[in-house]
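Content type TSV, C-alpha atoms, from the file work06.tsv:
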```tsv
chain	number	residue	atom	x	y	z
A	1	MET	CA	-70.00	-31.01	19.23
A	2	LYS	CA	-70.84	-27.88	17.27
A	3	VAL	CA	-68.51	-24.91	17.64
A	4	SER	CA	-68.92	-21.50	16.01
A	5	VAL	CA	-66.13	-18.94	15.69
A	6	ILE	CA	-67.25	-15.31	15.38
A	7	GLY	CA	-64.61	-13.04	13.84
A	8	MET	CA	-62.15	-14.47	11.34
A	9	GLY	CA	-59.12	-12.25	11.72
A	10	ASN	CA	-55.70	-13.59	12.73
A	11	VAL	CA	-56.94	-15.11	16.00
A	12	GLY	CA	-60.21	-16.50	14.69
A	13	SER	CA	-58.62	-18.20	11.69
A	14	THR	CA	-55.81	-19.65	13.84
A	15	LEU	CA	-58.36	-20.94	16.36
A	16	ALA	CA	-60.34	-22.57	13.55
A	17	PHE	CA	-57.17	-24.30	12.35
A	18	VAL	CA	-56.28	-25.55	15.86
A	19	LEU	CA	-59.82	-26.86	16.41
A	20	THR	CA	-59.67	-28.96	13.24
A	21	LEU	CA	-56.52	-30.63	14.62
A	22	LYS	CA	-58.02	-31.38	18.05
A	23	ASN	CA	-60.44	-34.12	16.93
A	24	ILE	CA	-63.11	-32.89	19.36
A	25	ILE	CA	-65.72	-31.29	17.10
A	26	ASN	CA	-68.12	-32.50	14.45
A	27	GLU	CA	-69.22	-29.17	13.08
A	28	LEU	CA	-67.34	-25.87	12.79
A	29	VAL	CA	-69.14	-22.72	11.65
A	30	LEU	CA	-66.99	-19.71	10.74
A	31	VAL	CA	-68.64	-16.29	10.81
A	32	GLY	CA	-66.98	-13.15	9.45
A	33	ARG	CA	-68.18	-9.88	7.97
A	34	SER	CA	-69.80	-11.94	5.20
A	35	LYS	CA	-69.87	-15.57	4.07
A	36	GLU	CA	-67.62	-14.70	1.15
A	37	SER	CA	-65.01	-13.13	3.43
A	38	VAL	CA	-64.38	-16.45	5.22
A	39	LEU	CA	-64.77	-18.79	2.26
A	40	GLY	CA	-61.00	-18.93	1.74
A	41	ASP	CA	-60.49	-20.20	5.29
A	42	VAL	CA	-63.32	-22.72	4.89
A	43	LEU	CA	-61.93	-24.13	1.65
A	44	ASP	CA	-58.36	-24.20	2.99
A	45	LEU	CA	-59.45	-26.14	6.08
A	46	ARG	CA	-61.57	-28.53	4.02
A	47	HIS	CA	-58.61	-29.22	1.74
A	48	GLY	CA	-56.63	-30.41	4.77
A	49	GLN	CA	-59.24	-32.84	6.09
A	50	LEU	CA	-57.30	-35.82	4.74
A	51	PHE	CA	-54.56	-35.12	7.26
A	52	VAL	CA	-56.65	-35.06	10.46
A	53	ASN	CA	-57.96	-38.08	12.34
A	54	THR	CA	-61.54	-36.88	12.72
A	55	PRO	CA	-62.65	-34.63	9.86
A	56	ALA	CA	-65.07	-31.89	10.89
A	57	GLN	CA	-67.77	-30.33	8.76
A	58	VAL	CA	-66.47	-26.80	8.17
A	59	THR	CA	-68.86	-24.18	6.80
A	60	ALA	CA	-69.07	-20.44	6.30
A	61	GLY	CA	-72.11	-18.94	7.95
A	62	THR	CA	-73.93	-16.00	9.43
A	63	ILE	CA	-75.17	-15.54	13.00
A	64	SER	CA	-78.28	-17.59	12.19
A	65	ASP	CA	-76.07	-20.55	11.22
A	66	THR	CA	-74.65	-20.68	14.74
A	67	ALA	CA	-78.01	-21.93	16.06
A	68	GLY	CA	-77.62	-24.93	18.36
A	69	SER	CA	-73.90	-24.35	18.99
A	70	ASP	CA	-72.40	-26.05	22.03
A	71	VAL	CA	-69.61	-23.45	22.15
A	72	ILE	CA	-69.29	-20.04	20.52
A	73	ALA	CA	-65.81	-18.47	20.48
A	74	VAL	CA	-65.97	-14.70	20.10
A	75	CYS	CA	-62.88	-13.28	18.36
A	76	ALA	CA	-64.58	-10.34	16.64
A	77	SER	CA	-63.09	-6.93	17.35
A	78	VAL	CA	-62.89	-3.38	16.13
A	79	PRO	CA	-59.51	-2.62	14.50
A	80	THR	CA	-56.52	-2.45	16.84
A	81	PRO	CA	-55.23	1.14	17.05
A	82	LYS	CA	-51.70	1.68	15.80
A	83	ASN	CA	-49.19	1.72	18.68
A	84	MET	CA	-51.85	0.48	21.12
A	85	SER	CA	-50.41	0.49	24.65
A	86	SER	CA	-53.39	-0.91	26.55
A	87	ARG	CA	-56.12	-3.41	25.64
A	88	LEU	CA	-58.56	-1.06	27.38
A	89	GLU	CA	-58.35	1.21	24.32
A	90	LEU	CA	-60.61	-1.30	22.54
A	91	ALA	CA	-63.35	-1.15	25.19
A	92	GLN	CA	-65.78	1.37	23.71
A	93	GLY	CA	-65.89	-0.15	20.24
A	94	ASN	CA	-65.98	-3.77	21.34
A	95	VAL	CA	-68.67	-3.24	23.97
A	96	GLN	CA	-70.86	-1.83	21.19
A	97	LEU	CA	-70.00	-4.88	19.07
A	98	MET	CA	-71.07	-7.20	21.92
A	99	LYS	CA	-74.32	-5.28	22.26
A	100	GLU	CA	-75.05	-6.12	18.62
A	101	LEU	CA	-73.90	-9.77	18.76
A	102	MET	CA	-74.87	-11.20	22.14
A	103	PRO	CA	-78.68	-11.01	22.16
A	104	GLU	CA	-78.87	-12.83	18.83
A	105	LEU	CA	-76.24	-15.43	19.78
A	106	ALA	CA	-78.13	-16.11	23.02
A	107	ARG	CA	-81.43	-16.43	21.15
A	108	MET	CA	-79.93	-18.92	18.69
A	109	SER	CA	-78.02	-20.99	21.27
A	110	PRO	CA	-79.40	-20.28	24.77
A	111	ASP	CA	-77.50	-23.15	26.40
A	112	CYS	CA	-74.15	-22.59	24.68
A	113	LYS	CA	-70.87	-21.74	26.37
A	114	ILE	CA	-69.34	-18.45	25.25
A	115	VAL	CA	-65.54	-18.37	25.08
A	116	MET	CA	-64.60	-14.69	24.98
A	117	VAL	CA	-61.28	-14.04	23.26
A	118	SER	CA	-61.69	-10.39	22.22
A	119	ASN	CA	-60.23	-7.60	24.36
A	120	PRO	CA	-60.51	-6.08	26.86
A	121	VAL	CA	-61.64	-9.57	27.79
A	122	ASP	CA	-62.74	-8.90	31.38
A	123	VAL	CA	-64.95	-6.00	30.34
A	124	LEU	CA	-66.42	-8.02	27.46
A	125	VAL	CA	-67.18	-11.03	29.69
A	126	HIS	CA	-69.21	-8.65	31.88
A	127	TYR	CA	-71.14	-7.30	28.92
A	128	ALA	CA	-71.61	-10.73	27.30
A	129	LEU	CA	-73.39	-11.76	30.49
A	130	GLU	CA	-75.44	-8.55	30.54
A	131	PHE	CA	-76.40	-8.39	26.87
A	132	GLY	CA	-76.89	-12.14	26.38
A	133	GLY	CA	-78.61	-12.93	29.66
A	134	PHE	CA	-76.36	-15.94	30.10
A	135	ARG	CA	-75.77	-17.65	33.44
A	136	PRO	CA	-72.33	-16.91	34.98
A	137	ASN	CA	-71.07	-20.43	34.25
A	138	GLN	CA	-71.76	-20.00	30.53
A	139	VAL	CA	-69.30	-17.19	29.75
A	140	ILE	CA	-65.56	-17.83	30.01
A	141	GLY	CA	-62.88	-15.34	28.98
A	142	THR	CA	-59.38	-16.42	28.01
A	143	GLY	CA	-58.28	-13.91	30.66
A	144	THR	CA	-54.85	-14.53	32.16
A	145	LEU	CA	-54.57	-18.06	30.79
A	146	VAL	CA	-52.03	-16.94	28.18
A	147	ASP	CA	-50.24	-14.64	30.67
A	148	SER	CA	-49.92	-17.57	33.08
A	149	SER	CA	-48.63	-19.78	30.26
A	150	ARG	CA	-45.98	-17.18	29.39
A	151	PHE	CA	-45.00	-16.91	33.06
A	152	ARG	CA	-44.75	-20.68	33.49
A	153	GLN	CA	-42.64	-20.96	30.34
A	154	LEU	CA	-40.15	-18.43	31.72
A	155	LEU	CA	-40.11	-20.15	35.12
A	156	ALA	CA	-39.59	-23.50	33.39
A	157	GLU	CA	-36.49	-22.15	31.65
A	158	GLU	CA	-35.11	-20.92	34.98
A	159	LEU	CA	-35.96	-24.09	36.92
A	160	ARG	CA	-35.25	-26.56	34.09
A	161	ILE	CA	-38.61	-28.22	34.78
A	162	HIS	CA	-41.43	-28.79	32.29
A	163	SER	CA	-43.90	-25.88	32.41
A	164	GLU	CA	-46.82	-28.30	32.81
A	165	ASP	CA	-45.43	-29.34	36.21
A	166	ILE	CA	-45.33	-25.76	37.52
A	167	ARG	CA	-48.35	-24.34	39.35
A	168	ALA	CA	-48.07	-20.58	39.04
A	169	TYR	CA	-50.94	-18.27	38.19
A	170	ILE	CA	-51.17	-14.69	37.03
A	171	LEU	CA	-54.54	-13.42	38.25
A	172	GLY	CA	-56.76	-10.34	38.12
A	173	GLU	CA	-57.12	-8.22	35.00
A	174	HIS	CA	-55.82	-9.39	31.65
A	175	GLY	CA	-53.96	-6.11	31.48
A	176	ASP	CA	-51.67	-3.76	33.35
A	177	SER	CA	-53.04	-4.46	36.85
A	178	GLN	CA	-52.56	-8.25	36.72
A	179	PHE	CA	-50.29	-9.83	39.33
A	180	PRO	CA	-48.48	-13.14	40.03
A	181	ALA	CA	-49.98	-15.19	42.86
A	182	MET	CA	-46.55	-16.20	44.15
A	183	SER	CA	-47.83	-17.07	47.63
A	184	CYS	CA	-49.50	-20.19	46.21
A	185	ALA	CA	-46.99	-21.03	43.43
A	186	ASP	CA	-45.29	-24.39	43.69
A	187	VAL	CA	-43.66	-27.25	41.81
A	188	GLY	CA	-43.81	-30.82	43.08
A	189	GLY	CA	-45.15	-29.59	46.40
A	190	GLU	CA	-42.15	-27.31	46.84
A	191	THR	CA	-43.02	-23.62	47.22
A	192	LEU	CA	-41.63	-21.27	44.61
A	193	ASP	CA	-39.99	-18.43	46.50
A	194	ALA	CA	-41.07	-14.93	45.50
A	195	THR	CA	-37.61	-13.69	44.50
A	196	PRO	CA	-36.90	-10.39	42.70
A	197	GLY	CA	-35.78	-12.45	39.71
A	198	ARG	CA	-39.15	-14.19	39.51
A	199	TYR	CA	-41.02	-10.90	39.74
A	200	ALA	CA	-38.82	-9.75	36.84
A	201	LEU	CA	-39.98	-12.85	34.91
A	202	PHE	CA	-43.57	-11.88	35.68
A	203	GLU	CA	-42.95	-8.41	34.27
A	204	ARG	CA	-41.59	-9.97	31.07
A	205	ALA	CA	-44.61	-12.28	30.84
A	206	SER	CA	-47.00	-9.40	31.49
A	207	ARG	CA	-45.65	-7.34	28.57
A	208	ALA	CA	-44.98	-10.30	26.26
A	209	GLY	CA	-48.17	-9.78	24.23
A	210	PHE	CA	-47.09	-6.27	23.27
A	211	GLU	CA	-43.61	-7.60	22.43
A	212	VAL	CA	-45.19	-10.04	19.97
A	213	LEU	CA	-47.43	-7.26	18.64
A	214	LYS	CA	-44.39	-5.04	18.02
A	215	HIS	CA	-42.59	-7.71	15.99
A	216	LYS	CA	-45.41	-9.29	13.96
A	217	GLY	CA	-48.35	-6.89	14.23
A	218	CYS	CA	-50.68	-9.32	16.03
A	219	THR	CA	-50.80	-12.12	18.57
A	220	ASN	CA	-52.54	-15.27	17.40
A	221	TYR	CA	-50.89	-18.64	18.13
A	222	ALA	CA	-50.78	-18.65	21.94
A	223	VAL	CA	-54.20	-17.09	22.46
A	224	ALA	CA	-55.78	-19.43	19.90
A	225	LEU	CA	-54.24	-22.42	21.67
A	226	ALA	CA	-55.53	-21.07	25.00
A	227	ALA	CA	-59.06	-20.69	23.62
A	228	ALA	CA	-58.86	-24.18	22.12
A	229	GLU	CA	-57.80	-25.56	25.51
A	230	ILE	CA	-60.94	-24.08	27.11
A	231	ILE	CA	-63.11	-25.51	24.33
A	232	GLU	CA	-61.46	-28.93	24.67
A	233	CYS	CA	-62.12	-28.90	28.44
A	234	ILE	CA	-65.80	-28.26	27.70
A	235	ALA	CA	-66.00	-30.89	24.95
A	236	ASN	CA	-64.27	-33.61	26.99
A	237	ASP	CA	-65.63	-32.53	30.40
A	238	SER	CA	-61.97	-32.50	31.46
A	239	LYS	CA	-62.43	-30.43	34.62
A	240	HIS	CA	-58.97	-28.91	34.33
A	241	THR	CA	-58.22	-25.92	36.54
A	242	LEU	CA	-57.48	-22.84	34.40
A	243	PRO	CA	-57.03	-19.15	35.26
A	244	VAL	CA	-59.86	-17.65	33.20
A	245	SER	CA	-61.96	-14.50	33.23
A	246	LEU	CA	-65.31	-14.99	34.95
A	247	ARG	CA	-67.87	-13.21	37.08
A	248	VAL	CA	-66.28	-13.01	40.52
A	249	ASP	CA	-68.59	-14.57	43.10
A	250	GLY	CA	-67.70	-12.64	46.26
A	251	PHE	CA	-63.99	-13.45	46.52
A	252	LEU	CA	-62.39	-10.84	48.82
A	253	GLY	CA	-65.73	-9.03	48.82
A	254	VAL	CA	-65.72	-8.51	45.03
A	255	ASP	CA	-68.87	-9.56	43.19
A	256	ASP	CA	-69.68	-6.90	40.62
A	257	VAL	CA	-66.86	-7.37	38.12
A	258	CYS	CA	-65.18	-10.01	35.92
A	259	LEU	CA	-61.55	-11.00	36.51
A	260	SER	CA	-59.34	-14.07	36.24
A	261	LEU	CA	-59.37	-16.64	39.02
A	262	PRO	CA	-58.54	-20.37	38.85
A	263	ALA	CA	-61.68	-22.22	37.77
A	264	VAL	CA	-62.60	-25.82	37.05
A	265	VAL	CA	-63.70	-25.96	33.40
A	266	GLY	CA	-65.87	-28.82	32.13
A	267	ARG	CA	-69.05	-29.64	30.24
A	268	ASN	CA	-71.01	-27.01	32.17
A	269	GLY	CA	-68.44	-24.31	31.48
A	270	ILE	CA	-67.33	-22.81	34.80
A	271	GLU	CA	-67.92	-25.81	37.07
A	272	ARG	CA	-66.35	-24.26	40.16
A	273	VAL	CA	-64.46	-21.08	41.05
A	274	LEU	CA	-61.45	-21.58	43.32
A	275	HIS	CA	-60.38	-19.04	45.91
A	276	PRO	CA	-56.59	-19.14	46.33
A	277	ARG	CA	-55.02	-18.05	49.62
A	278	LEU	CA	-53.39	-14.79	48.67
A	279	ASP	CA	-51.10	-12.76	50.89
A	280	GLU	CA	-51.94	-9.15	51.82
A	281	LYS	CA	-50.01	-7.66	48.90
A	282	GLU	CA	-51.76	-9.97	46.42
A	283	GLN	CA	-55.17	-9.30	47.95
A	284	ALA	CA	-54.58	-5.57	47.49
A	285	ALA	CA	-53.51	-6.20	43.88
A	286	PHE	CA	-56.71	-8.18	43.22
A	287	LEU	CA	-58.85	-5.38	44.65
A	288	HIS	CA	-56.93	-2.86	42.53
A	289	SER	CA	-57.61	-4.97	39.43
A	290	ALA	CA	-61.29	-5.03	40.33
A	291	ASN	CA	-61.38	-1.24	40.59
A	292	VAL	CA	-59.59	-0.79	37.26
A	293	VAL	CA	-61.95	-3.10	35.38
A	294	ARG	CA	-65.03	-1.76	37.17
A	295	GLU	CA	-64.17	1.78	36.05
A	296	VAL	CA	-63.77	0.69	32.43
A	297	ILE	CA	-67.07	-1.21	32.59
A	298	ALA	CA	-68.76	1.98	33.76
A	299	SER	CA	-67.04	4.28	31.27
A	300	SER	CA	-67.72	2.03	28.27
A	301	ALA	CA	-71.40	1.39	29.02
A	302	PRO	CA	-73.45	2.04	25.89
A	303	GLU	CA	-75.95	4.85	26.08
A	304	LYS	CA	-79.51	3.87	26.86
A	305	GLU	CA	-81.81	4.08	23.85
A	306	ASP	CA	-84.87	6.30	24.11
A	307	HIS	CA	-88.21	4.69	23.38
```
Please lay out the structure from this file as structure tokens.
Amino acid sequence: MKVSVIGMGNVGSTLAFVLTLKNIINELVLVGRSKESVLGDVLDLRHGQLFVNTPAQVTAGTISDTAGSDVIAVCASVPTPKNMSSRLELAQGNVQLMKELMPELARMSPDCKIVMVSNPVDVLVHYALEFGGFRPNQVIGTGTLVDSSRFRQLLAEELRIHSEDIRAYILGEHGDSQFPAMSCADVGGETLDATPGRYALFERASRAGFEVLKHKGCTNYAVALAAAEIIECIANDSKHTLPVSLRVDGFLGVDDVCLSLPAVVGRNGIERVLHPRLDEKEQAAFLHSANVVREVIASSAPEKEDH
């Protein structure tokens, strides 16, 4: 299993560290602004190989060194604006970055799975598909996987039940228009009632990323673990169901945008997209998310080059 990580900031370096602990990869290629810029991470990870069960070959590389990757995790991003209030503020710069990266990544590894971590993730999943020419199953965004994890952790504290045993998804945009799919939330077959208190927990979960950003200047642990979970599902063909950003395939009439829905993730990437039974309010929220992301996709489209 060969995995390449593009972008070695806080998230990329944390993801590289988590992957070396997972014992699922043979080769890990780290790509930053230059080989020298990531050499410290490479050496640091190599120095810890004694303490992991299955040592991986960790190297610093360029885009050409990613050739033949099974999975490419994209963490590269333009700088985060100070006091950023919406991930959509990163759209213009990061779409241009994807335009530069994706064609070459696709040429080097045409059958790879792209795990998109950079924001705004839904917009970038759309453009990764467009610029790279990948099939829809090949590009997976971390989407609302972390938001759902935050929500389940808060519900677990309230219910005094392990978060792994709670089925509760946040769906739609990984951003301000996301919503909790309470109509299909349950634990042990028992429906979780959509109480005001639980909607308040959703609001806390929805803004939690910015709370972390305010205190430490970045978010890295949870999102890196989420990306590693997707990669592990691909490596082990686990077929776990995860709420991830993907090209919507006609759900509620939406098929021209990328949003988070529950999907079965395995060796082929997106193995199957699930269509939860949402109530009217949730259906309207999903359609609103689609409109929000669609508008940003349109407004951040790079200008056509004259020939």
Practice task
Give the answer as one residue: which of A:Cys258, A:Arg272, A:Gly253, A:Ser300 has the shortest atom-to-atom distance to Met116 in chain A, using all atoms listed in the file?
Solution key: A:Cys258
Fill in the blank from the handout: re CA of His288 in chain A and CA of Ser245 in chain A: distance 15.7 Å
Residues of range 133-155 of chain A at most 12 Å from range 91-107 of chain A: nearest atom pair and distance in Å, all atoms listed in the file, as JSON lines:
```
{"residue": "A:Gly133", "atom": "CA", "partner": "A:Ala106", "partner_atom": "CA", "distance": 7.4}
{"residue": "A:Phe134", "atom": "CA", "partner": "A:Ala106", "partner_atom": "CA", "distance": 7.3}
{"residue": "A:Arg135", "atom": "CA", "partner": "A:Ala106", "partner_atom": "CA", "distance": 10.8}
{"residue": "A:Gln138", "atom": "CA", "partner": "A:Ala106", "partner_atom": "CA", "distance": 10.6}
{"residue": "A:Val139", "atom": "CA", "partner": "A:Ala106", "partner_atom": "CA", "distance": 11.2}
```
Could you write out that same residue set with C-alpha atoms as a PDB file, keeping the file's coordinate frame?
```pdb
ATOM      1  CA  GLY A 133     -78.610 -12.930  29.660  1.00  0.00           C
ATOM      2  CA  PHE A 134     -76.360 -15.940  30.100  1.00  0.00           C
ATOM      3  CA  ARG A 135     -75.770 -17.650  33.440  1.00  0.00           C
ATOM      4  CA  GLN A 138     -71.760 -20.000  30.530  1.00  0.00           C
ATOM      5  CA  VAL A 139     -69.300 -17.190  29.750  1.00  0.00           C
TER       6      VAL A 139
END
```
Practice task
For Ser206 in chain A, please output as a PyMOL selection string all residues within 10 Å (counting only C-alpha atoms; exclusion window: fewer than 4 positions along the same chain).
Solution key: chain A and resi 144+146-148+150-151+170+174-180+200-202+210-211
Exercise for the section: Rounded to one decimal place, report the CA of Ala285 in chain A-CA of Leu171 in chain A distance in Å. Expected result: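 Distance between the two atoms: 9.2 Å.
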Problem - Shortest interatomic distance to Met1 in chain A - which of A:Leu225, A:Leu21, A:Ile231, A:Leu88, counting only C-alpha atoms - result: A:Ile231
Problem - Near-Arg46 in chain A list (10 Å; all atoms listed in the file; drop same-chain fewer than 6 positions) as a VMD selection string - result: chain A and resid 20 40 55 to 59
Practice task
Could you please determine the separation between CA of Asp122 in chain A and CA of Met8 in chain A in Å, to one decimal place?
Solution key: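 These atoms are spaced 20.8 Å apart.
Nearest-residue note for Val273 in chain A: choosing from A:Leu90, A:Ile140, A:Val31, A:Ala227, the minimum distance belongs to A:Ile140, counting only C-alpha atoms.
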Residues within 7 Å of (-66.0, -9.0, 39.6), file coordinates, counting all atoms listed in the file: what are they? Give the list as an mmCIF file with C-alpha atoms, in the frame of the given file.
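Below is the file point-v4.cif, written as the result:
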```cif
data_model
loop_
_atom_site.group_PDB
_atom_site.id
_atom_site.type_symbol
_atom_site.label_atom_id
_atom_site.label_comp_id
_atom_site.auth_asym_id
_atom_site.auth_seq_id
_atom_site.Cartn_x
_atom_site.Cartn_y
_atom_site.Cartn_z
ATOM 1 C CA ARG A 247 -67.870 -13.210 37.080
ATOM 2 C CA VAL A 248 -66.280 -13.010 40.520
ATOM 3 C CA VAL A 254 -65.720 -8.510 45.030
ATOM 4 C CA ASP A 255 -68.870 -9.560 43.190
ATOM 5 C CA ASP A 256 -69.680 -6.900 40.620
ATOM 6 C CA VAL A 257 -66.860 -7.370 38.120
ATOM 7 C CA CYS A 258 -65.180 -10.010 35.920
ATOM 8 C CA LEU A 259 -61.550 -11.000 36.510
ATOM 9 C CA ALA A 290 -61.290 -5.030 40.330
#
```
Practice task
Between A:Ser260, A:Asn10, A:Asn268, A:Gln153, single out the one closest to Lys113 in chain A, counting all atoms listed in the file.
Solution key: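 Using all atoms listed in the file, the shortest distance to Lys113 in chain A belongs to A:Asn268.
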Practice task
Could you check which of A:Leu159, A:Ala235, A:Ala168, A:Leu154 is closest to Ala205 in chain A, using only C-alpha atoms?
Solution key: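 Nearest candidate to Ala205 in chain A out of A:Leu159, A:Ala235, A:Ala168, A:Leu154: A:Leu154.
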Exercise for the section: Can you work out which one of A:Leu252, A:Ile25, A:Ile270, A:Ala73 has the shortest atom-to-atom distance to Ala284 in chain A, counting all atoms listed in the file? Expected result: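 For Ala284 in chain A, the nearest of the candidates is A:Leu252.
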Handout entry: Within 8 Å of Leu242 in chain A using only C-alpha atoms, minus same-chain residues under 4 positions, as a PyMOL selection string
Key = chain A and resi 145+261-265
Practice task
Select, counting all atoms listed in the file, all protein, DNA and RNA residues no farther than 7 Å from (-62.5, -32.2, 32.1) in file coordinates, and express the selection as a VMD selection string.
Solution key: chain A and resid 233 to 234 236 to 240 265 to 266
Any chance you could work out the axis-aligned box around range 156-166 of chain A, listed atoms only, 6 Å on each side, giving centre and edge lengths in Å to one decimal, as JSON?
```
{"center_x": -41.0, "center_y": -25.1, "center_z": 34.6, "size_x": 23.7, "size_y": 20.4, "size_z": 17.9}
```
